[in-house]
$ cat model11.pdb   # PDB, C-alpha atoms and all ligand atoms
ATOM      1  CA  MET A 925      -8.107   4.602  -7.136
ATOM      2  CA  PHE A 926      -5.225   2.195  -7.477
ATOM      3  CA  ILE A 927      -6.091  -0.706  -5.159
ATOM      4  CA  ILE A 928      -3.398  -2.890  -3.568
ATOM      5  CA  GLY A 929      -4.605  -6.058  -1.790
ATOM      6  CA  GLU A 930      -3.071  -6.350   1.722
ATOM      7  CA  ARG A 931      -3.751 -10.005   2.410
ATOM      8  CA  ILE A 932      -0.507 -11.760   1.390
ATOM      9  CA  ASN A 933       1.302 -10.682   4.542
ATOM     10  CA  GLY A 934       2.980 -13.011   7.043
ATOM     11  CA  MET A 935       1.392 -10.915   9.802
ATOM     12  CA  PHE A 936      -1.706 -13.052   9.095
ATOM     13  CA  LYS A 937      -1.448 -16.490  10.717
ATOM     14  CA  ASP A 938      -2.705 -18.399   7.670
ATOM     15  CA  VAL A 939      -0.073 -16.761   5.439
ATOM     16  CA  ALA A 940       2.737 -17.393   7.973
ATOM     17  CA  LYS A 941       1.643 -21.042   8.078
ATOM     18  CA  ALA A 942       1.482 -21.312   4.270
ATOM     19  CA  ILE A 943       5.021 -19.907   3.979
ATOM     20  CA  LYS A 944       6.321 -22.355   6.569
ATOM     21  CA  GLU A 945       4.644 -25.362   4.954
ATOM     22  CA  LYS A 946       5.259 -24.180   1.360
ATOM     23  CA  ASP A 947       1.508 -24.430   0.742
ATOM     24  CA  LYS A 948       1.256 -22.957  -2.769
ATOM     25  CA  ALA A 949      -2.504 -23.484  -3.089
ATOM     26  CA  ALA A 950      -3.237 -21.328  -0.021
ATOM     27  CA  ILE A 951      -1.232 -18.368  -1.373
ATOM     28  CA  GLN A 952      -2.539 -18.745  -4.929
ATOM     29  CA  SER A 953      -6.113 -18.819  -3.688
ATOM     30  CA  LEU A 954      -5.532 -15.566  -1.732
ATOM     31  CA  ALA A 955      -4.053 -14.006  -4.875
ATOM     32  CA  LYS A 956      -6.955 -15.037  -7.106
ATOM     33  CA  LYS A 957      -9.574 -14.006  -4.574
ATOM     34  CA  GLN A 958      -8.094 -10.512  -4.247
ATOM     35  CA  ILE A 959      -7.966 -10.091  -8.021
ATOM     36  CA  GLU A 960     -11.645 -11.136  -8.247
ATOM     37  CA  CYS A 961     -12.374  -8.456  -5.655
ATOM     38  CA  LYS A 962     -10.800  -5.820  -7.949
ATOM     39  CA  ALA A 963      -7.249  -5.520  -6.627
ATOM     40  CA  ASN A 964      -4.984  -3.783  -9.189
ATOM     41  CA  ALA A 965      -1.863  -5.007  -7.383
ATOM     42  CA  LEU A 966      -0.960  -7.292  -4.477
ATOM     43  CA  ASP A 967       1.192  -6.400  -1.482
ATOM     44  CA  VAL A 968       3.735  -9.165  -0.696
ATOM     45  CA  ASN A 969       5.185  -9.216   2.832
ATOM     46  CA  VAL A 970       6.800 -12.274   4.451
ATOM     47  CA  GLY A 971       5.886 -11.042   7.937
ATOM     48  CA  PRO A 972       7.906 -10.465  11.088
ATOM     49  CA  ALA A 973       8.466 -14.117  12.044
ATOM     50  CA  SER A 974      10.069 -15.432   8.868
ATOM     51  CA  SER A 975      13.362 -17.218   9.610
ATOM     52  CA  ASN A 976      14.689 -16.819   6.059
ATOM     53  CA  PRO A 977      12.929 -13.733   4.684
ATOM     54  CA  ARG A 978      14.801 -13.726   1.378
ATOM     55  CA  GLU A 979      13.898 -17.290   0.544
ATOM     56  CA  ALA A 980      10.306 -16.689   1.706
ATOM     57  CA  MET A 981       9.971 -13.600  -0.529
ATOM     58  CA  GLU A 982      11.317 -15.478  -3.548
ATOM     59  CA  TRP A 983       8.902 -18.324  -2.927
ATOM     60  CA  LEU A 984       5.924 -15.967  -2.509
ATOM     61  CA  VAL A 985       6.665 -13.972  -5.680
ATOM     62  CA  LYS A 986       7.131 -17.132  -7.770
ATOM     63  CA  THR A 987       4.078 -18.827  -6.277
ATOM     64  CA  ILE A 988       1.781 -15.834  -6.907
ATOM     65  CA  GLN A 989       3.013 -15.384 -10.477
ATOM     66  CA  GLU A 990       2.369 -19.043 -11.305
ATOM     67  CA  ALA A 991      -1.324 -18.385 -10.697
ATOM     68  CA  ALA A 992      -1.844 -14.731 -11.561
ATOM     69  CA  ASP A 993      -0.587 -12.003 -13.836
ATOM     70  CA  ILE A 994      -0.623  -8.889 -11.650
ATOM     71  CA  THR A 995       1.565  -6.047 -10.358
ATOM     72  CA  LEU A 996       3.301  -6.893  -7.073
ATOM     73  CA  ALA A 997       4.234  -4.476  -4.282
ATOM     74  CA  ILE A 998       7.350  -5.915  -2.612
ATOM     75  CA  ASP A 999       6.865  -5.002   1.051
ATOM     76  CA  THR A1000      10.082  -5.277   3.094
ATOM     77  CA  THR A1001      12.559  -3.063   4.934
ATOM     78  CA  LYS A1002      15.474  -5.371   4.043
ATOM     79  CA  GLN A1003      17.376  -4.393   0.931
ATOM     80  CA  ASP A1004      18.492  -7.886  -0.111
ATOM     81  CA  VAL A1005      14.929  -9.187   0.296
ATOM     82  CA  MET A1006      13.666  -6.222  -1.762
ATOM     83  CA  GLU A1007      16.046  -6.857  -4.644
ATOM     84  CA  ALA A1008      15.396 -10.613  -4.573
ATOM     85  CA  GLY A1009      11.643  -9.926  -4.905
ATOM     86  CA  LEU A1010      11.969  -7.215  -7.559
ATOM     87  CA  SER A1011      14.282  -9.303  -9.737
ATOM     88  CA  LEU A1012      11.653 -12.065 -10.020
ATOM     89  CA  CYS A1013       8.692  -9.809 -10.958
ATOM     90  CA  LYS A1014       7.385 -10.365 -14.487
ATOM     91  CA  SER A1015       5.705  -6.948 -14.729
ATOM     92  CA  LYS A1016       6.893  -3.564 -13.419
ATOM     93  CA  PRO A1017       6.828  -3.871  -9.614
ATOM     94  CA  ILE A1018       6.194  -1.449  -6.757
ATOM     95  CA  ILE A1019       8.863  -0.884  -4.102
ATOM     96  CA  ASN A1020       7.190  -0.850  -0.671
ATOM     97  CA  SER A1021       8.913   1.121   0.693
ATOM     98  CA  VAL A1022      11.569   3.806   1.076
ATOM     99  CA  ASN A1023      11.792   6.406   3.850
ATOM    100  CA  ALA A1024      13.498   9.800   4.004
ATOM    101  CA  ASN A1025      16.918   8.528   5.216
ATOM    102  CA  GLU A1026      19.620   9.540   2.723
ATOM    103  CA  GLU A1027      21.221   6.071   2.392
ATOM    104  CA  LYS A1028      17.825   4.403   1.975
ATOM    105  CA  MET A1029      16.774   6.841  -0.743
ATOM    106  CA  LYS A1030      20.038   6.372  -2.604
ATOM    107  CA  ALA A1031      19.735   2.579  -2.542
ATOM    108  CA  LEU A1032      16.024   2.296  -3.272
ATOM    109  CA  PHE A1033      15.690   4.999  -5.939
ATOM    110  CA  GLY A1034      18.614   3.153  -7.563
ATOM    111  CA  LEU A1035      16.597  -0.086  -7.467
ATOM    112  CA  ALA A1036      13.520   1.769  -8.782
ATOM    113  CA  LYS A1037      15.536   2.803 -11.832
ATOM    114  CA  LYS A1038      17.030  -0.634 -12.365
ATOM    115  CA  TYR A1039      13.673  -2.449 -12.206
ATOM    116  CA  LYS A1040      11.478   0.364 -13.668
ATOM    117  CA  ALA A1041       9.524   0.201 -10.427
ATOM    118  CA  SER A1042       7.101   2.637  -8.840
ATOM    119  CA  ILE A1043       8.029   3.484  -5.281
ATOM    120  CA  ILE A1044       6.142   4.078  -2.042
ATOM    121  CA  GLY A1045       7.813   6.711   0.145
ATOM    122  CA  LEU A1046       6.981   6.728   3.858
ATOM    123  CA  THR A1047       7.070  10.162   5.504
ATOM    124  CA  MET A1048       9.369   8.993   8.274
ATOM    125  CA  ASP A1049      13.104   8.958   8.984
ATOM    126  CA  LYS A1050      15.515   7.845  11.711
ATOM    127  CA  ALA A1051      13.703  10.095  14.181
ATOM    128  CA  GLY A1052      10.415   8.292  13.474
ATOM    129  CA  ILE A1053       7.065   9.578  12.219
ATOM    130  CA  PRO A1054       6.497  13.328  12.666
ATOM    131  CA  LYS A1055       3.459  14.268  14.750
ATOM    132  CA  ASP A1056       2.007  16.852  12.389
ATOM    133  CA  SER A1057       1.513  17.427   8.675
ATOM    134  CA  GLU A1058       4.288  20.057   8.503
ATOM    135  CA  GLY A1059       6.876  17.494   9.651
ATOM    136  CA  ARG A1060       5.506  14.847   7.294
ATOM    137  CA  LEU A1061       5.560  17.280   4.336
ATOM    138  CA  GLU A1062       9.177  18.224   5.031
ATOM    139  CA  LEU A1063      10.160  14.549   4.657
ATOM    140  CA  ALA A1064       7.888  14.211   1.629
ATOM    141  CA  MET A1065       9.743  17.106  -0.024
ATOM    142  CA  LYS A1066      13.085  15.357   0.619
ATOM    143  CA  MET A1067      11.808  12.249  -1.147
ATOM    144  CA  VAL A1068      10.404  14.253  -4.080
ATOM    145  CA  ALA A1069      13.802  15.979  -4.455
ATOM    146  CA  SER A1070      15.694  12.685  -4.249
ATOM    147  CA  CYS A1071      13.335  11.120  -6.797
ATOM    148  CA  MET A1072      14.066  13.980  -9.232
ATOM    149  CA  GLU A1073      17.827  13.728  -8.592
ATOM    150  CA  HIS A1074      17.689  10.074  -9.600
ATOM    151  CA  GLY A1075      15.887  10.971 -12.823
ATOM    152  CA  ILE A1076      12.683   9.201 -11.849
ATOM    153  CA  ASP A1077       9.361  10.747 -12.887
ATOM    154  CA  VAL A1078       7.679  12.050  -9.687
ATOM    155  CA  SER A1079       4.379  10.572 -10.858
ATOM    156  CA  ARG A1080       5.975   7.171 -10.067
ATOM    157  CA  LEU A1081       6.355   8.177  -6.388
ATOM    158  CA  TYR A1082       3.503   7.331  -4.000
ATOM    159  CA  LEU A1083       3.809   9.286  -0.746
ATOM    160  CA  ASP A1084       2.561   7.395   2.301
ATOM    161  CA  ALA A1085       1.830   9.713   5.240
ATOM    162  CA  VAL A1086       1.754   6.605   7.518
ATOM    163  CA  ILE A1087      -1.523   6.259   9.388
ATOM    164  CA  LEU A1088      -1.156   4.907  12.930
ATOM    165  CA  PRO A1089      -3.764   3.030  14.991
ATOM    166  CA  VAL A1090      -6.441   5.472  16.161
ATOM    167  CA  ASN A1091      -6.657   3.742  19.570
ATOM    168  CA  VAL A1092      -3.117   4.867  20.465
ATOM    169  CA  ALA A1093      -2.410   7.804  18.124
ATOM    170  CA  GLN A1094      -5.724   9.572  17.702
ATOM    171  CA  PRO A1095      -4.386  13.052  16.739
ATOM    172  CA  HIS A1096      -2.478  11.606  13.762
ATOM    173  CA  ALA A1097      -5.453  10.825  11.500
ATOM    174  CA  LYS A1098      -6.314  14.427  10.706
ATOM    175  CA  GLU A1099      -2.618  15.237  10.134
ATOM    176  CA  VAL A1100      -2.411  12.375   7.630
ATOM    177  CA  LEU A1101      -5.414  13.802   5.754
ATOM    178  CA  LYS A1102      -3.817  17.267   5.661
ATOM    179  CA  THR A1103      -0.553  15.739   4.384
ATOM    180  CA  ILE A1104      -2.470  14.041   1.549
ATOM    181  CA  ARG A1105      -4.153  17.349   0.594
ATOM    182  CA  ASP A1106      -0.994  19.480   0.790
ATOM    183  CA  SER A1107       1.379  17.012  -0.900
ATOM    184  CA  LYS A1108      -0.283  17.876  -4.210
ATOM    185  CA  MET A1109       1.506  21.246  -3.992
ATOM    186  CA  LEU A1110       5.031  19.808  -3.677
ATOM    187  CA  SER A1111       5.773  19.498  -7.385
ATOM    188  CA  ASP A1112       4.286  19.539 -10.869
ATOM    189  CA  PRO A1113       3.456  16.818 -11.749
ATOM    190  CA  ALA A1114       2.559  16.042  -8.127
ATOM    191  CA  PRO A1115       3.560  12.844  -6.354
ATOM    192  CA  LYS A1116       0.735  10.367  -5.853
ATOM    193  CA  THR A1117      -0.508   9.379  -2.383
ATOM    194  CA  VAL A1118      -1.121   5.996  -0.764
ATOM    195  CA  LEU A1119      -2.051   4.612   2.676
ATOM    196  CA  GLY A1120      -1.772   1.259   4.461
ATOM    197  CA  LEU A1121      -5.393   1.679   5.507
ATOM    198  CA  SER A1122      -5.881  -1.161   8.021
ATOM    199  CA  ASN A1123      -3.209   0.285  10.329
ATOM    200  CA  VAL A1124      -5.865   2.786  11.462
ATOM    201  CA  SER A1125      -8.050   0.135  13.108
ATOM    202  CA  GLN A1126      -5.312  -2.152  14.468
ATOM    203  CA  GLY A1127      -5.987  -2.735  18.153
ATOM    204  CA  SER A1128      -9.552  -1.428  17.994
ATOM    205  CA  GLN A1129     -12.448  -3.771  18.836
ATOM    206  CA  ALA A1130     -13.067  -6.295  16.063
ATOM    207  CA  GLN A1131     -16.676  -5.156  15.626
ATOM    208  CA  TYR A1132     -15.517  -1.590  14.777
ATOM    209  CA  LYS A1133     -12.496  -2.294  12.559
ATOM    210  CA  SER A1134     -14.319  -2.336   9.237
ATOM    211  CA  LEU A1135     -16.325   0.795  10.147
ATOM    212  CA  ILE A1136     -13.169   2.685  11.135
ATOM    213  CA  ASN A1137     -11.406   1.561   7.943
ATOM    214  CA  ARG A1138     -14.202   2.582   5.592
ATOM    215  CA  THR A1139     -14.871   5.905   7.309
ATOM    216  CA  PHE A1140     -11.216   6.884   7.177
ATOM    217  CA  LEU A1141     -10.923   5.682   3.556
ATOM    218  CA  SER A1142     -13.841   7.919   2.518
ATOM    219  CA  MET A1143     -12.217  10.890   4.257
ATOM    220  CA  ALA A1144      -8.872  10.140   2.593
ATOM    221  CA  ILE A1145     -10.486   9.820  -0.838
ATOM    222  CA  ALA A1146     -12.156  13.206  -0.263
ATOM    223  CA  SER A1147      -8.667  14.542   0.558
ATOM    224  CA  GLY A1148      -7.326  13.291  -2.789
ATOM    225  CA  LEU A1149      -5.927   9.801  -2.006
ATOM    226  CA  ASP A1150      -4.730   8.057  -5.193
ATOM    227  CA  ALA A1151      -4.011   4.519  -3.961
ATOM    228  CA  ALA A1152      -4.524   2.295  -0.912
ATOM    229  CA  ILE A1153      -3.298  -0.983   0.529
ATOM    230  CA  LEU A1154      -6.451  -2.510   1.971
ATOM    231  CA  ASP A1155      -8.677  -5.549   2.487
ATOM    232  CA  VAL A1156     -10.368  -5.918  -0.906
ATOM    233  CA  THR A1157     -12.463  -8.808   0.444
ATOM    234  CA  ASP A1158     -14.283  -6.414   2.817
ATOM    235  CA  LYS A1159     -17.405  -5.740   0.733
ATOM    236  CA  GLU A1160     -18.649  -2.779   2.764
ATOM    237  CA  LEU A1161     -15.209  -1.175   2.541
ATOM    238  CA  MET A1162     -15.169  -1.614  -1.245
ATOM    239  CA  ASP A1163     -18.746  -0.241  -1.504
ATOM    240  CA  SER A1164     -17.573   2.852   0.408
ATOM    241  CA  LEU A1165     -14.534   3.200  -1.848
ATOM    242  CA  ILE A1166     -16.610   3.049  -5.027
ATOM    243  CA  THR A1167     -19.209   5.463  -3.627
ATOM    244  CA  ALA A1168     -16.591   7.965  -2.396
ATOM    245  CA  GLU A1169     -14.983   7.915  -5.854
ATOM    246  CA  LEU A1170     -18.389   8.462  -7.444
ATOM    247  CA  LEU A1171     -19.031  11.475  -5.206
ATOM    248  CA  MET A1172     -15.580  12.847  -6.082
ATOM    249  CA  ASP A1173     -16.618  12.594  -9.760
ATOM    250  CA  LYS A1174     -14.022   9.887 -10.447
ATOM    251  CA  GLN A1175     -16.591   7.264 -11.559
ATOM    252  CA  LEU A1176     -19.457   7.812 -13.945
ATOM    253  CA  TYR A1177     -22.859   7.717 -12.217
ATOM    254  CA  CYS A1178     -25.468   5.156 -13.206
ATOM    255  CA  ASP A1179     -28.324   3.698 -11.143
ATOM    256  CA  SER A1180     -26.543   0.393 -10.511
ATOM    257  CA  TYR A1181     -23.062   1.897 -10.146
ATOM    258  CA  LEU A1182     -21.792  -0.701  -7.623
ATOM    259  CA  ASP A1183     -22.623  -3.597  -9.936
ATOM    260  CA  ALA A1184     -21.283  -1.680 -12.922
ATOM    261  CA  TYR A1185     -17.935  -1.096 -11.169
ATOM    262  CA  ARG A1186     -17.584  -4.774 -10.284
ATOM    263  CA  LYS A1187     -18.365  -5.885 -13.839
ATOM    264  CA  LYS A1188     -15.646  -3.664 -15.336
TER
HETATM  265  N1  LIG B1201       2.212   1.486   4.475
HETATM  266  C1  LIG B1201       2.812   0.764   3.512
HETATM  267  N2  LIG B1201       2.836  -0.577   3.536
HETATM  268  C2  LIG B1201       2.274  -1.246   4.569
HETATM  269  C3  LIG B1201       1.633  -0.534   5.586
HETATM  270  C4  LIG B1201       1.623   0.883   5.528
HETATM  271  N3  LIG B1201       2.291  -2.617   4.594
HETATM  272  C5  LIG B1201       1.833  -3.341   5.741
HETATM  273  C6  LIG B1201       0.697  -2.602   6.427
HETATM  274  N4  LIG B1201       1.029  -1.237   6.615
HETATM  275  C7  LIG B1201      -0.566  -2.706   5.588
HETATM  276  N5  LIG B1201      -1.140  -4.028   5.696
HETATM  277  C8  LIG B1201      -1.870  -4.416   6.808
HETATM  278  C9  LIG B1201      -2.362  -5.696   6.848
HETATM  279  C10 LIG B1201      -3.136  -6.104   7.921
HETATM  280  C11 LIG B1201      -3.400  -5.231   8.962
HETATM  281  C12 LIG B1201      -2.912  -3.955   8.925
HETATM  282  C13 LIG B1201      -2.142  -3.537   7.850
HETATM  283  C14 LIG B1201      -4.245  -5.594  10.124
HETATM  284  N6  LIG B1201      -4.566  -6.828  10.389
HETATM  285  C15 LIG B1201      -5.484  -7.138  11.435
HETATM  286  C16 LIG B1201      -4.913  -6.754  12.815
HETATM  287  O1  LIG B1201      -3.695  -6.764  12.992
HETATM  288  O2  LIG B1201      -5.710  -6.408  13.671
HETATM  289  C17 LIG B1201      -5.869  -8.570  11.427
HETATM  290  C18 LIG B1201      -4.721  -9.512  11.644
HETATM  291  C19 LIG B1201      -5.213 -10.958  11.660
HETATM  292  O3  LIG B1201      -6.376 -11.220  11.356
HETATM  293  O4  LIG B1201      -4.385 -11.806  11.997
HETATM  294  O5  LIG B1201      -4.653  -4.723  10.862
HETATM  295  O6  LIG B1201       1.084   1.587   6.386
HETATM  296  N7  LIG B1201       3.365   1.432   2.497
END
$ encode --input "model11.pdb" --output "structure tokens"
Amino acid sequence: MFIIGERINGMFKDVAKAIKEKDKAAIQSLAKKQIECKANALDVNVGPASSNPREAMEWLVKTIQEAADITLAIDTTKQDVMEAGLSLCKSKPIINSVNANEEKMKALFGLAKKYKASIIGLTMDKAGIPKDSEGRLELAMKMVASCMEHGIDVSRLYLDAVILPVNVAQPHAKEVLKTIRDSKMLSDPAPKTVLGLSNVSQGSQAQYKSLINRTFLSMAIASGLDAAILDVTDKELMDSLITAELLMDKQLYCDSYLDAYRKK
């Protein structure tokens, strides 16, 4: 599983505050902590409240890279903010994200080529997020086709079936799992799959969030999930991830497999 740490996101109050006050130490400590907890990449999102998102993204990318050498997933819907972030990345970045709108695909697959980036493709378009897996797969196919047209290897595309909060969109979770399973049939080589896991528990009671996250993650891993944006500091969630991968024969069994994974 390719693990992307979710924590450097201006949706969190401490991150919004750190951006505002240019508190480098706060951001660098979040970066280091997530890497210690086995993140393979870090999501970077300035959040909804940022007054100058481009400047904030540039500051975040520079600040993180002063303290850590890791892949960054530039998480923004704004194209100028995206390019500003990508252009500062020292190692091949991840574009988070594109959707199935023609103009978006043209622009962002172009950026993916320019910066040798991987790309996360959300199965949504101007009409929103389809209710069922059939609708999501139709949009996924459009993105696979566009990826090929731009001469980008489909194995660099991570399809995101977009999980919504279970408290308001309960029927979606099983459709997301079906999309993950069926997307493997779209092309050869198949696109990869990713989720922004914590969306699923947003709005649920605090005491249940971690349980909902780790249960859904196990189900998604059983459905073939390749990558996830999640809270790597949630130990029970990470224990579930490692165990689900073990049961899917993706990790070698040994008696102390949790410790062994963390020592790798
Ligand atoms: N797909 C892709 N990228 C994404 C998402 C996705 N990026 C952003 C988001 N979704 C994934 N990241 C988060 C980060 C935090 C939360 C949810 C998704 C979250 N936070 C808690 C809450 O809102 O209840 C706690 C907030 C707080 O403590 O202040 O749920 O789907 N490609």
$ resolve_selection --input "model11.pdb" --expression "the PyMOL selection byres (((not hetatm)) within 7 of (chain B and resi 1201))" --output "list in words"
Glu930, Arg931, Asn933, Met935, Phe936, Lys937, Asp999, Asn1020, Ser1021, Ile1044, Leu1046, Asp1084, Val1086, Ile1087, Leu1119, Gly1120, Leu1121, Ser1122, Asn1123, Ser1125, Gln1126, Gly1127, Ile1153 and Leu1154 of chain A
$ closest_residue --input "model11.pdb" --among "A:Tyr1039, A:Tyr1177, A:Tyr1132, A:Phe1033" --to "Val1090 of chain A" --atoms "all atoms listed in the file"
A:Tyr1132
$ resolve_selection --input "model11.pdb" --expression "the PyMOL selection byres (((chain A and resi 1051) around 12) and not hetatm)" --output "PyMOL selection string"
chain A and resi 1023-1025+1047-1050+1052-1055+1059-1060+1063
$ resolve_selection --input "model11.pdb" --expression "the PyMOL selection byres (((chain A and resi 954) around 12) and not hetatm)" --output "count of residues only"
35
$ residues_around --input "model11.pdb" --residues "segment 1095-1107 of chain A" --least-positions-apart "5" --cutoff "9 Å" --atoms "all atoms listed in the file" --output "PyMOL selection string"
chain A and resi 1055-1058+1060-1061+1064-1065+1083-1090+1114-1118+1124+1140+1143-1144+1147-1149
$ build_atoms --input "model11.pdb" --residues "segment 1075-1103 of chain A" --atoms "N, CA and C atoms" --output "PDB file, in the coordinates of the input"
ATOM      1  N   GLY A1075      16.459  11.006 -11.475  1.00  0.00           N
ATOM      2  CA  GLY A1075      15.887  10.971 -12.823  1.00  0.00           C
ATOM      3  C   GLY A1075      14.660  10.095 -12.935  1.00  0.00           C
ATOM      4  N   ILE A1076      13.917   9.991 -11.830  1.00  0.00           N
ATOM      5  CA  ILE A1076      12.683   9.201 -11.849  1.00  0.00           C
ATOM      6  C   ILE A1076      11.501  10.170 -11.868  1.00  0.00           C
ATOM      7  N   ASP A1077      10.558   9.922 -12.765  1.00  0.00           N
ATOM      8  CA  ASP A1077       9.361  10.747 -12.887  1.00  0.00           C
ATOM      9  C   ASP A1077       8.611  10.752 -11.541  1.00  0.00           C
ATOM     10  N   VAL A1078       8.324  11.942 -11.008  1.00  0.00           N
ATOM     11  CA  VAL A1078       7.679  12.050  -9.687  1.00  0.00           C
ATOM     12  C   VAL A1078       6.295  11.383  -9.662  1.00  0.00           C
ATOM     13  N   SER A1079       5.688  11.244 -10.826  1.00  0.00           N
ATOM     14  CA  SER A1079       4.379  10.572 -10.858  1.00  0.00           C
ATOM     15  C   SER A1079       4.514   9.077 -10.541  1.00  0.00           C
ATOM     16  N   ARG A1080       5.750   8.574 -10.478  1.00  0.00           N
ATOM     17  CA  ARG A1080       5.975   7.171 -10.067  1.00  0.00           C
ATOM     18  C   ARG A1080       6.177   7.048  -8.558  1.00  0.00           C
ATOM     19  N   LEU A1081       6.179   8.188  -7.846  1.00  0.00           N
ATOM     20  CA  LEU A1081       6.355   8.177  -6.388  1.00  0.00           C
ATOM     21  C   LEU A1081       4.991   8.269  -5.694  1.00  0.00           C
ATOM     22  N   TYR A1082       4.727   7.311  -4.819  1.00  0.00           N
ATOM     23  CA  TYR A1082       3.503   7.331  -4.000  1.00  0.00           C
ATOM     24  C   TYR A1082       3.901   7.698  -2.568  1.00  0.00           C
ATOM     25  N   LEU A1083       3.512   8.884  -2.127  1.00  0.00           N
ATOM     26  CA  LEU A1083       3.809   9.286  -0.746  1.00  0.00           C
ATOM     27  C   LEU A1083       2.840   8.609   0.202  1.00  0.00           C
ATOM     28  N   ASP A1084       3.381   8.049   1.278  1.00  0.00           N
ATOM     29  CA  ASP A1084       2.561   7.395   2.301  1.00  0.00           C
ATOM     30  C   ASP A1084       2.757   8.160   3.605  1.00  0.00           C
ATOM     31  N   ALA A1085       1.728   8.872   4.036  1.00  0.00           N
ATOM     32  CA  ALA A1085       1.830   9.713   5.240  1.00  0.00           C
ATOM     33  C   ALA A1085       1.783   8.876   6.525  1.00  0.00           C
ATOM     34  N   VAL A1086       1.698   7.576   6.416  1.00  0.00           N
ATOM     35  CA  VAL A1086       1.754   6.605   7.518  1.00  0.00           C
ATOM     36  C   VAL A1086       0.680   6.832   8.590  1.00  0.00           C
ATOM     37  N   ILE A1087      -0.452   6.177   8.386  1.00  0.00           N
ATOM     38  CA  ILE A1087      -1.523   6.259   9.388  1.00  0.00           C
ATOM     39  C   ILE A1087      -1.231   5.270  10.520  1.00  0.00           C
ATOM     40  N   LEU A1088      -1.399   5.741  11.741  1.00  0.00           N
ATOM     41  CA  LEU A1088      -1.156   4.907  12.930  1.00  0.00           C
ATOM     42  C   LEU A1088      -2.501   4.509  13.542  1.00  0.00           C
ATOM     43  N   PRO A1089      -2.500   3.477  14.390  1.00  0.00           N
ATOM     44  CA  PRO A1089      -3.764   3.030  14.991  1.00  0.00           C
ATOM     45  C   PRO A1089      -4.442   4.159  15.795  1.00  0.00           C
ATOM     46  N   VAL A1090      -5.710   4.364  15.521  1.00  0.00           N
ATOM     47  CA  VAL A1090      -6.441   5.472  16.161  1.00  0.00           C
ATOM     48  C   VAL A1090      -6.568   5.254  17.669  1.00  0.00           C
ATOM     49  N   ASN A1091      -6.499   3.993  18.130  1.00  0.00           N
ATOM     50  CA  ASN A1091      -6.657   3.742  19.570  1.00  0.00           C
ATOM     51  C   ASN A1091      -5.456   4.237  20.389  1.00  0.00           C
ATOM     52  N   VAL A1092      -4.299   4.384  19.732  1.00  0.00           N
ATOM     53  CA  VAL A1092      -3.117   4.867  20.465  1.00  0.00           C
ATOM     54  C   VAL A1092      -2.569   6.188  19.935  1.00  0.00           C
ATOM     55  N   ALA A1093      -2.990   6.597  18.729  1.00  0.00           N
ATOM     56  CA  ALA A1093      -2.410   7.804  18.124  1.00  0.00           C
ATOM     57  C   ALA A1093      -3.511   8.647  17.463  1.00  0.00           C
ATOM     58  N   GLN A1094      -4.533   8.923  18.246  1.00  0.00           N
ATOM     59  CA  GLN A1094      -5.724   9.572  17.702  1.00  0.00           C
ATOM     60  C   GLN A1094      -5.464  10.888  16.954  1.00  0.00           C
ATOM     61  N   PRO A1095      -4.568  11.770  17.445  1.00  0.00           N
ATOM     62  CA  PRO A1095      -4.386  13.052  16.739  1.00  0.00           C
ATOM     63  C   PRO A1095      -3.740  12.927  15.354  1.00  0.00           C
ATOM     64  N   HIS A1096      -3.190  11.748  15.037  1.00  0.00           N
ATOM     65  CA  HIS A1096      -2.478  11.606  13.762  1.00  0.00           C
ATOM     66  C   HIS A1096      -3.396  11.584  12.539  1.00  0.00           C
ATOM     67  N   ALA A1097      -4.604  11.054  12.684  1.00  0.00           N
ATOM     68  CA  ALA A1097      -5.453  10.825  11.500  1.00  0.00           C
ATOM     69  C   ALA A1097      -5.699  12.125  10.729  1.00  0.00           C
ATOM     70  N   LYS A1098      -6.039  13.180  11.426  1.00  0.00           N
ATOM     71  CA  LYS A1098      -6.314  14.427  10.706  1.00  0.00           C
ATOM     72  C   LYS A1098      -5.050  15.029  10.104  1.00  0.00           C
ATOM     73  N   GLU A1099      -3.899  14.756  10.697  1.00  0.00           N
ATOM     74  CA  GLU A1099      -2.618  15.237  10.134  1.00  0.00           C
ATOM     75  C   GLU A1099      -2.280  14.469   8.856  1.00  0.00           C
ATOM     76  N   VAL A1100      -2.619  13.183   8.840  1.00  0.00           N
ATOM     77  CA  VAL A1100      -2.411  12.375   7.630  1.00  0.00           C
ATOM     78  C   VAL A1100      -3.274  12.924   6.485  1.00  0.00           C
ATOM     79  N   LEU A1101      -4.520  13.262   6.796  1.00  0.00           N
ATOM     80  CA  LEU A1101      -5.414  13.802   5.754  1.00  0.00           C
ATOM     81  C   LEU A1101      -4.882  15.128   5.207  1.00  0.00           C
ATOM     82  N   LYS A1102      -4.367  15.977   6.091  1.00  0.00           N
ATOM     83  CA  LYS A1102      -3.817  17.267   5.661  1.00  0.00           C
ATOM     84  C   LYS A1102      -2.565  17.041   4.796  1.00  0.00           C
ATOM     85  N   THR A1103      -1.749  16.054   5.184  1.00  0.00           N
ATOM     86  CA  THR A1103      -0.553  15.739   4.384  1.00  0.00           C
ATOM     87  C   THR A1103      -0.953  15.315   2.970  1.00  0.00           C
TER      88      THR A1103
END
